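Just query.cif here, mmCIF, C-alpha atoms and all ligand atoms:
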data_data
#
loop_
_atom_site.label_atom_id
_atom_site.label_comp_id
_atom_site.auth_asym_id
_atom_site.auth_seq_id
_atom_site.Cartn_x
_atom_site.Cartn_y
_atom_site.Cartn_z
CA MET A 1 3.55 -21.54 11.45
CA SER A 2 3.71 -18.05 12.87
CA ARG A 3 3.06 -15.02 10.71
CA PRO A 4 4.05 -11.40 11.24
CA ARG A 5 1.02 -9.42 12.45
CA VAL A 6 0.23 -6.09 10.79
CA LEU A 7 -2.48 -3.65 11.85
CA THR A 8 -4.07 -1.03 9.61
CA VAL A 9 -5.83 1.90 11.27
CA ALA A 10 -7.80 3.45 8.41
CA GLY A 11 -11.09 4.04 6.65
CA SER A 12 -13.29 1.57 4.78
CA ASP A 13 -13.74 1.93 1.01
CA SER A 14 -16.99 0.20 0.07
CA GLY A 15 -15.73 -0.13 -3.51
CA GLY A 16 -12.86 -2.33 -2.33
CA GLY A 17 -10.12 -0.36 -4.10
CA ALA A 18 -8.48 1.71 -1.35
CA GLY A 19 -8.52 2.04 2.44
CA ILE A 20 -8.88 -0.97 4.72
CA GLN A 21 -9.79 -3.23 1.82
CA ALA A 22 -6.60 -2.43 -0.14
CA ASP A 23 -4.56 -2.76 3.05
CA LEU A 24 -5.83 -6.26 3.85
CA LYS A 25 -5.39 -7.43 0.23
CA THR A 26 -1.79 -6.18 0.27
CA MET A 27 -1.10 -7.93 3.57
CA LEU A 28 -2.54 -11.20 2.28
CA ALA A 29 -0.42 -10.96 -0.88
CA LEU A 30 2.72 -10.31 1.16
CA GLY A 31 2.16 -13.22 3.54
CA VAL A 32 1.44 -11.39 6.80
CA HIS A 33 -1.62 -11.57 9.07
CA GLY A 34 -3.68 -8.41 8.46
CA MET A 35 -5.86 -6.80 11.15
CA SER A 36 -7.96 -3.63 11.07
CA VAL A 37 -9.08 -0.74 13.25
CA ILE A 38 -11.73 1.08 11.23
CA THR A 39 -11.84 4.86 11.79
CA ALA A 40 -14.48 5.83 9.25
CA VAL A 41 -16.85 4.25 6.77
CA THR A 42 -17.07 5.69 3.28
CA ALA A 43 -19.75 5.10 0.66
CA GLN A 44 -17.40 5.01 -2.30
CA ASN A 45 -16.98 3.67 -5.82
CA SER A 46 -14.85 4.24 -8.91
CA THR A 47 -16.33 7.72 -9.41
CA GLY A 48 -15.61 9.15 -5.94
CA VAL A 49 -16.76 9.29 -2.33
CA GLN A 50 -20.53 9.71 -1.97
CA GLY A 51 -20.54 9.83 1.85
CA ALA A 52 -18.24 9.43 4.86
CA TRP A 53 -19.00 8.74 8.53
CA GLU A 54 -16.42 8.77 11.33
CA LEU A 55 -16.66 6.17 14.04
CA PRO A 56 -16.82 7.33 17.67
CA VAL A 57 -13.36 7.63 19.22
CA ALA A 58 -14.40 4.99 21.80
CA ALA A 59 -14.96 2.49 18.96
CA VAL A 60 -11.51 3.22 17.55
CA ARG A 61 -9.89 2.73 20.97
CA ALA A 62 -11.84 -0.49 21.63
CA GLN A 63 -10.85 -2.07 18.31
CA TYR A 64 -7.20 -1.21 18.93
CA ARG A 65 -7.18 -2.66 22.46
CA SER A 66 -8.98 -5.85 21.35
CA VAL A 67 -6.38 -6.52 18.70
CA VAL A 68 -3.21 -5.48 20.46
CA ASP A 69 -3.97 -6.86 23.93
CA ASP A 70 -4.73 -10.38 22.68
CA ILE A 71 -3.18 -10.95 19.26
CA GLY A 72 -0.27 -8.49 19.42
CA VAL A 73 1.21 -6.58 16.55
CA ASP A 74 4.55 -6.40 14.68
CA ALA A 75 3.89 -3.22 12.66
CA VAL A 76 1.15 -0.59 12.36
CA LYS A 77 0.01 1.40 9.32
CA THR A 78 -2.25 4.45 9.59
CA GLY A 79 -4.33 5.82 6.72
CA MET A 80 -7.57 7.85 6.71
CA LEU A 81 -8.09 9.23 10.23
CA ALA A 82 -10.86 11.76 9.47
CA SER A 83 -10.71 14.06 12.52
CA ALA A 84 -8.36 15.68 15.04
CA GLU A 85 -9.93 13.59 17.83
CA ILE A 86 -9.18 10.32 16.02
CA VAL A 87 -5.64 11.43 15.13
CA GLY A 88 -5.01 12.24 18.81
CA ALA A 89 -6.48 8.98 20.08
CA VAL A 90 -4.51 6.89 17.58
CA ALA A 91 -1.28 8.70 18.50
CA GLU A 92 -1.91 8.00 22.19
CA LEU A 93 -2.61 4.30 21.50
CA ILE A 94 0.38 3.80 19.22
CA ALA A 95 2.82 5.61 21.52
CA GLY A 96 3.02 2.62 23.85
CA THR A 97 3.28 -0.08 21.20
CA GLY A 98 7.02 -0.01 20.40
CA VAL A 99 6.74 -1.45 16.87
CA PRO A 100 7.42 0.18 13.49
CA VAL A 101 4.70 2.63 12.46
CA VAL A 102 4.01 3.72 8.87
CA VAL A 103 1.98 6.95 8.74
CA ASP A 104 0.27 7.66 5.42
CA PRO A 105 -1.03 11.16 6.14
CA VAL A 106 -4.07 10.73 3.90
CA GLY A 107 -5.62 14.11 3.12
CA VAL A 108 -7.65 14.17 -0.08
CA SER A 109 -8.63 11.35 -2.48
CA LYS A 110 -7.75 11.30 -6.19
CA HIS A 111 -11.27 12.56 -6.86
CA GLY A 112 -10.74 15.53 -4.51
CA ASP A 113 -12.81 14.21 -1.59
CA SER A 114 -11.53 15.29 1.84
CA LEU A 115 -10.54 12.35 4.06
CA LEU A 116 -8.99 14.43 6.87
CA ALA A 117 -10.49 17.58 8.37
CA VAL A 118 -8.32 20.68 7.95
CA SER A 119 -8.64 21.09 11.73
CA ALA A 120 -6.78 17.75 12.11
CA LEU A 121 -3.61 18.88 10.31
CA ASP A 122 -2.07 20.24 13.48
CA ALA A 123 -2.63 16.98 15.39
CA MET A 124 -1.12 15.11 12.42
CA ARG A 125 2.00 17.32 12.57
CA THR A 126 2.48 17.42 16.34
CA GLU A 127 1.01 14.14 17.66
CA LEU A 128 1.18 11.41 15.02
CA LEU A 129 4.08 12.25 12.68
CA PRO A 130 6.60 12.35 15.60
CA LEU A 131 5.76 8.65 16.23
CA ALA A 132 6.26 7.53 12.63
CA THR A 133 9.06 5.19 11.62
CA VAL A 134 8.22 6.16 8.04
CA ALA A 135 5.83 8.88 6.82
CA THR A 136 4.60 8.52 3.23
CA PRO A 137 3.05 11.81 2.02
CA ASN A 138 2.25 12.47 -1.63
CA LEU A 139 2.91 15.92 -3.06
CA ASP A 140 -0.55 17.29 -2.20
CA GLU A 141 -0.16 16.10 1.39
CA VAL A 142 3.33 17.64 1.58
CA ALA A 143 1.90 20.97 0.44
CA GLN A 144 -0.97 20.74 2.93
CA LEU A 145 1.27 19.79 5.86
CA THR A 146 4.34 21.95 5.20
CA GLY A 147 3.44 24.62 2.65
CA VAL A 148 6.25 23.37 0.36
CA HIS A 149 5.05 23.03 -3.24
CA VAL A 150 7.15 20.49 -5.15
CA GLU A 151 7.50 21.27 -8.83
CA SER A 152 10.80 19.58 -9.64
CA GLU A 153 13.03 16.79 -8.41
CA ALA A 154 15.20 19.39 -6.64
CA ASP A 155 12.22 20.51 -4.52
CA LEU A 156 11.84 16.96 -3.16
CA ARG A 157 14.74 17.51 -0.74
CA ARG A 158 13.25 20.71 0.65
CA ALA A 159 9.95 18.92 1.11
CA ALA A 160 11.62 15.99 2.87
CA ALA A 161 13.43 18.31 5.30
CA ALA A 162 10.16 20.09 6.09
CA VAL A 163 8.37 16.80 6.89
CA LEU A 164 11.34 15.46 8.90
CA SER A 165 11.15 18.59 11.08
CA TYR A 166 7.92 17.14 12.57
CA GLY A 167 9.87 14.14 13.88
CA PRO A 168 9.30 11.00 11.78
CA ARG A 169 12.44 8.84 11.57
CA TRP A 170 12.19 8.50 7.77
CA VAL A 171 10.12 10.19 5.13
CA LEU A 172 9.19 8.83 1.72
CA ILE A 173 8.03 11.68 -0.51
CA LYS A 174 5.97 10.20 -3.34
CA GLY A 175 6.79 12.23 -6.42
CA GLY A 176 4.56 10.17 -8.70
CA HIS A 177 2.63 13.22 -9.85
CA LEU A 178 5.74 15.01 -11.22
CA PRO A 179 6.13 14.94 -15.00
CA GLY A 180 8.43 12.26 -16.44
CA GLU A 181 9.65 9.24 -14.49
CA ALA A 182 7.92 8.39 -11.20
CA VAL A 183 10.54 9.40 -8.61
CA ASP A 184 10.22 8.99 -4.85
CA LEU A 185 12.71 10.29 -2.28
CA LEU A 186 13.38 8.27 0.88
CA THR A 187 15.55 9.92 3.53
CA ASP A 188 16.19 10.08 7.26
CA GLY A 189 18.11 13.34 6.88
CA THR A 190 21.44 11.48 6.55
CA ASP A 191 20.96 8.64 4.11
CA GLU A 192 19.06 9.35 0.92
CA PHE A 193 17.62 7.04 -1.73
CA LEU A 194 15.98 8.14 -4.98
CA LEU A 195 13.61 5.42 -6.11
CA ARG A 196 12.73 5.51 -9.77
CA ALA A 197 10.13 3.47 -11.59
CA PRO A 198 8.96 3.65 -15.18
CA ARG A 199 5.64 5.49 -15.50
CA HIS A 200 2.77 3.18 -16.36
CA ASP A 201 0.24 4.70 -18.66
CA ASN A 202 -2.64 3.32 -16.65
CA ARG A 203 -5.39 5.50 -15.16
CA HIS A 204 -6.64 2.70 -12.91
CA THR A 205 -4.58 3.60 -9.85
CA HIS A 206 -7.19 3.82 -7.07
CA GLY A 207 -5.63 2.62 -3.82
CA THR A 208 -1.98 3.20 -4.75
CA GLY A 209 -1.05 5.09 -1.58
CA CYS A 210 -2.80 2.68 0.78
CA THR A 211 -1.16 -0.27 -0.96
CA LEU A 212 2.34 1.21 -0.76
CA ALA A 213 2.08 2.09 2.95
CA SER A 214 0.65 -1.34 3.81
CA ALA A 215 3.39 -3.07 1.85
CA ILE A 216 6.05 -1.08 3.75
CA ALA A 217 4.44 -2.03 7.08
CA SER A 218 4.26 -5.69 6.01
CA GLU A 219 7.95 -5.78 5.09
CA LEU A 220 8.95 -3.99 8.32
CA ALA A 221 6.95 -6.59 10.27
CA LYS A 222 9.09 -9.27 8.62
CA GLY A 223 12.16 -7.57 10.12
CA ARG A 224 13.47 -5.73 7.07
CA SER A 225 15.23 -2.38 7.43
CA VAL A 226 13.38 0.74 6.28
CA PRO A 227 15.30 1.10 2.97
CA GLU A 228 14.82 -2.62 2.20
CA ALA A 229 11.13 -2.52 3.13
CA VAL A 230 10.48 0.58 1.00
CA ARG A 231 12.27 -0.91 -2.02
CA ALA A 232 10.29 -4.16 -1.77
CA ALA A 233 7.05 -2.21 -1.28
CA LYS A 234 7.78 0.02 -4.27
CA ASP A 235 8.31 -3.10 -6.43
CA TYR A 236 5.01 -4.48 -5.17
CA VAL A 237 3.03 -1.31 -5.87
CA THR A 238 4.65 -0.88 -9.29
CA GLY A 239 3.37 -4.33 -10.24
CA ALA A 240 -0.04 -3.55 -8.75
CA ILE A 241 -0.30 -0.31 -10.77
CA ALA A 242 0.78 -2.07 -13.98
CA ALA A 243 -2.04 -4.57 -13.37
CA GLY A 244 -4.66 -1.95 -12.38
CA PHE A 245 -7.94 -2.61 -14.16
CA ALA A 246 -11.16 -0.92 -15.25
CA LEU A 247 -14.09 -1.24 -12.85
CA GLY A 248 -17.23 0.91 -12.79
CA ALA A 249 -17.44 4.16 -14.73
CA GLY A 250 -14.43 5.91 -13.17
CA ILE A 251 -10.96 5.07 -11.88
CA GLY A 252 -10.41 1.35 -11.30
CA PRO A 253 -8.23 -0.17 -8.58
CA VAL A 254 -4.65 -1.38 -8.54
CA ASP A 255 -4.55 -5.18 -8.60
CA HIS A 256 -3.26 -7.53 -5.93
CA GLY A 257 -3.60 -10.78 -7.81
CA TRP A 258 -0.81 -10.32 -10.34
N1 LIG B 301 -10.77 6.02 0.57
C1 LIG B 301 -10.12 5.68 1.66
C2 LIG B 301 -10.88 5.09 2.80
C3 LIG B 301 -8.72 5.90 1.71
O1 LIG B 301 -8.05 5.58 2.81
C4 LIG B 301 -8.06 6.47 0.60
C5 LIG B 301 -6.62 6.72 0.55
O2 LIG B 301 -5.87 6.61 1.41
C6 LIG B 301 -8.78 6.81 -0.51
C7 LIG B 301 -10.13 6.56 -0.50
C8 LIG B 301 -8.16 7.46 -1.71
O3 LIG B 301 -7.60 6.60 -2.58
P1 LIG B 301 -7.06 7.12 -3.97
O4 LIG B 301 -6.54 8.51 -3.73
O5 LIG B 301 -5.96 6.15 -4.31
O6 LIG B 301 -8.18 7.09 -4.95
#
Output the file's structure in the form of structure tokens.
Ligand code: PLP
Amino acid sequence: MSRPRVLTVAGSDSGGGAGIQADLKTMLALGVHGMSVITAVTAQNSTGVQGAWELPVAAVRAQYRSVVDDIGVDAVKTGMLASAEIVGAVAELIAGTGVPVVVDPVGVSKHGDSLLAVSALDAMRTELLPLATVATPNLDEVAQLTGVHVESEADLRRAAAAVLSYGPRWVLIKGGHLPGEAVDLLTDGTDEFLLRAPRHDNRHTHGTGCTLASAIASELAKGRSVPEAVRAAKDYVTGAIAAGFALGAGIGPVDHGW
């Protein structure tokens, strides 16, 4: 039996809740073959990030070539990229691949730990986002990348236009932090979908963004259109958040075994 092949290019979360570990769990749950290019290693648990170390750019390139040249890939997801040098190298590698690319422009963790240097924002805007099939910023990342501060559902459109100006084909603005219902806006500048989900009163949401982006990449690898893939991924992450559980002294992870 052949399986769609999905590659995550992201950081490791030693606590197993976010990053590469969440990505591979999502891919397993969605029936695709998950592969990883690790960009950085974090010492991390439910209370935050205690340390982070980037890998040399040569190690990032070598992992990518090993995977793509032999196994091949049907979709790529990027997450924590740490530095401008890694963002640039990943953009250069992905440019020749010709498969759907989901860019989660990870900036800062829920605990406020920086996962992307401020000096890398420009490379994110000008080198990686133009290659994205779908970009999936949350509201903090939108503000950091575009300067647009979203305070209401109406602001979501302005934010989407600002991100689309960098060149991704679609943008999914994750409005989960707005008061009320969790509303996300998916648009390519022509078609527009407002995706609503009931808010789960569950603080154990570590890994939500990584899980959503990996689920989108997994569904795109199966050949679904972007709107179909995002809807299926949103259903998956909504279930994972509902099943999120306490672990350690802080914020527990979303669950993949529901
Ligand atoms: N650690 C790594 C390696 C990540 O890639 C991410 C998010 O993308 C996080 C931590 C943050 O996860 P959260 O904000 O869901 O706690």
Please extract the residues at most 8 Å from ligand LIG 301 (chain B), counting all atoms listed in the file, and provide them as a PyMOL selection string, using the chain letters and residue numbers of this document. chain A and resi 10-13+17-20+40-42+44+48-49+79-80+104+106-111+115+205-210+251+253
What is the atom CA of Pro130 of chain A to atom CA of Ala91 of chain A distance in Å? 9.2 Å
Separation of atom CA of Pro100 of chain A and atom CA of Leu195 of chain A, in Å?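 One can read the atom CA of Pro100 of chain A to atom CA of Leu195 of chain A distance as 21.2 Å.
Atom CA of Ser165 of chain A is positioned 16.6 Å from atom CA of Leu139 of chain A.
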Closest pair table for segment 8-126 of chain A residues within 9 Å of segment 227-249 of chain A, all atoms listed in the file, as JSON lines:
{"residue": "A:Thr26", "atom": "CA", "partner": "A:Tyr236", "partner_atom": "CA", "distance": 8.9}
{"residue": "A:Leu30", "atom": "CA", "partner": "A:Tyr236", "partner_atom": "CA", "distance": 8.9}
{"residue": "A:Asn45", "atom": "CA", "partner": "A:Gly248", "partner_atom": "CA", "distance": 7.5}
{"residue": "A:Ser46", "atom": "CA", "partner": "A:Gly248", "partner_atom": "CA", "distance": 5.6}
{"residue": "A:Thr47", "atom": "CA", "partner": "A:Ala249", "partner_atom": "CA", "distance": 6.5}
Go through A:Val254, A:Leu186, A:Val163, A:Met35 one by one, measure the shortest atom-to-atom distance of each to Gly72 of chain A using only C-alpha atoms, and give the residue with the smallest value.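 Looking at the shortest contact to Gly72 of chain A, the residue is A:Met35.
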Between A:Gly51, A:Pro168, A:Pro137, A:Gly175, which one has atoms that come closest to Ala154 of chain A, using all atoms listed in the file? A:Gly175
So, with only C-alpha atoms as the atoms that count, which of A:Gly15, A:Gly223, A:Gly88, A:Gly257 lies closest to Ser119 of chain A?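 Of the candidates, the smallest distance to Ser119 of chain A is held by A:Gly88.
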Using all atoms listed in the file: which of A:Ser218, A:Thr39, A:Ser14, A:Thr190 has the shortest distance to Lys77 of chain A: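 Using all atoms listed in the file, Lys77 of chain A sits closest to A:Ser218.
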Identify the residues around (-16.5, 8.6, 13.9) within a radius of 8 Å, measuring from all atoms listed in the file in the coordinates stated by the file, and give them as a ChimeraX atom specification. /A:39-40,53-57,82,86
So which residues touch Ala84 of chain A within 10 Å, counting all atoms listed in the file, skipping near sequence neighbours fewer than 6 positions away, as a PyMOL selection string? chain A and resi 90+116-124+127
Export, as a PDB file, in the coordinates of the input, the selected residues with C-alpha atoms.
ATOM      1  CA  VAL A  90      -4.510   6.890  17.580  1.00  0.00           C
ATOM      2  CA  LEU A 116      -8.990  14.430   6.870  1.00  0.00           C
ATOM      3  CA  ALA A 117     -10.490  17.580   8.370  1.00  0.00           C
ATOM      4  CA  VAL A 118      -8.320  20.680   7.950  1.00  0.00           C
ATOM      5  CA  SER A 119      -8.640  21.090  11.730  1.00  0.00           C
ATOM      6  CA  ALA A 120      -6.780  17.750  12.110  1.00  0.00           C
ATOM      7  CA  LEU A 121      -3.610  18.880  10.310  1.00  0.00           C
ATOM      8  CA  ASP A 122      -2.070  20.240  13.480  1.00  0.00           C
ATOM      9  CA  ALA A 123      -2.630  16.980  15.390  1.00  0.00           C
ATOM     10  CA  MET A 124      -1.120  15.110  12.420  1.00  0.00           C
ATOM     11  CA  GLU A 127       1.010  14.140  17.660  1.00  0.00           C
TER      12      GLU A 127
END
Could segment 225-236 of chain A be completed with N, CA and C atoms and returned as an mmCIF file, keeping the file's coordinate frame?
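Writing the result to selection-v9.cif gives the following:
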data_model
loop_
_atom_site.group_PDB
_atom_site.id
_atom_site.type_symbol
_atom_site.label_atom_id
_atom_site.label_comp_id
_atom_site.auth_asym_id
_atom_site.auth_seq_id
_atom_site.Cartn_x
_atom_site.Cartn_y
_atom_site.Cartn_z
ATOM 1 N N SER A 225 14.899 -3.775 7.116
ATOM 2 C CA SER A 225 15.230 -2.380 7.430
ATOM 3 C C SER A 225 14.297 -1.471 6.629
ATOM 4 N N VAL A 226 14.263 -0.188 6.995
ATOM 5 C CA VAL A 226 13.380 0.740 6.280
ATOM 6 C C VAL A 226 13.743 0.824 4.790
ATOM 7 N N PRO A 227 15.017 1.045 4.414
ATOM 8 C CA PRO A 227 15.300 1.100 2.970
ATOM 9 C C PRO A 227 14.933 -0.183 2.229
ATOM 10 N N GLU A 228 15.187 -1.342 2.855
ATOM 11 C CA GLU A 228 14.820 -2.620 2.200
ATOM 12 C C GLU A 228 13.312 -2.751 2.069
ATOM 13 N N ALA A 229 12.597 -2.386 3.134
ATOM 14 C CA ALA A 229 11.130 -2.520 3.130
ATOM 15 C C ALA A 229 10.520 -1.600 2.075
ATOM 16 N N VAL A 230 11.047 -0.378 1.964
ATOM 17 C CA VAL A 230 10.480 0.580 1.000
ATOM 18 C C VAL A 230 10.760 0.114 -0.423
ATOM 19 N N ARG A 231 11.967 -0.399 -0.672
ATOM 20 C CA ARG A 231 12.270 -0.910 -2.020
ATOM 21 C C ARG A 231 11.340 -2.055 -2.410
ATOM 22 N N ALA A 232 11.166 -3.002 -1.484
ATOM 23 C CA ALA A 232 10.290 -4.160 -1.770
ATOM 24 C C ALA A 232 8.854 -3.680 -1.988
ATOM 25 N N ALA A 233 8.419 -2.716 -1.175
ATOM 26 C CA ALA A 233 7.050 -2.210 -1.280
ATOM 27 C C ALA A 233 6.854 -1.471 -2.601
ATOM 28 N N LYS A 234 7.877 -0.728 -2.999
ATOM 29 C CA LYS A 234 7.780 0.020 -4.270
ATOM 30 C C LYS A 234 7.660 -0.976 -5.435
ATOM 31 N N ASP A 235 8.426 -2.062 -5.391
ATOM 32 C CA ASP A 235 8.310 -3.100 -6.430
ATOM 33 C C ASP A 235 6.896 -3.659 -6.453
ATOM 34 N N TYR A 236 6.358 -3.906 -5.247
ATOM 35 C CA TYR A 236 5.010 -4.480 -5.170
ATOM 36 C C TYR A 236 3.978 -3.537 -5.776
#
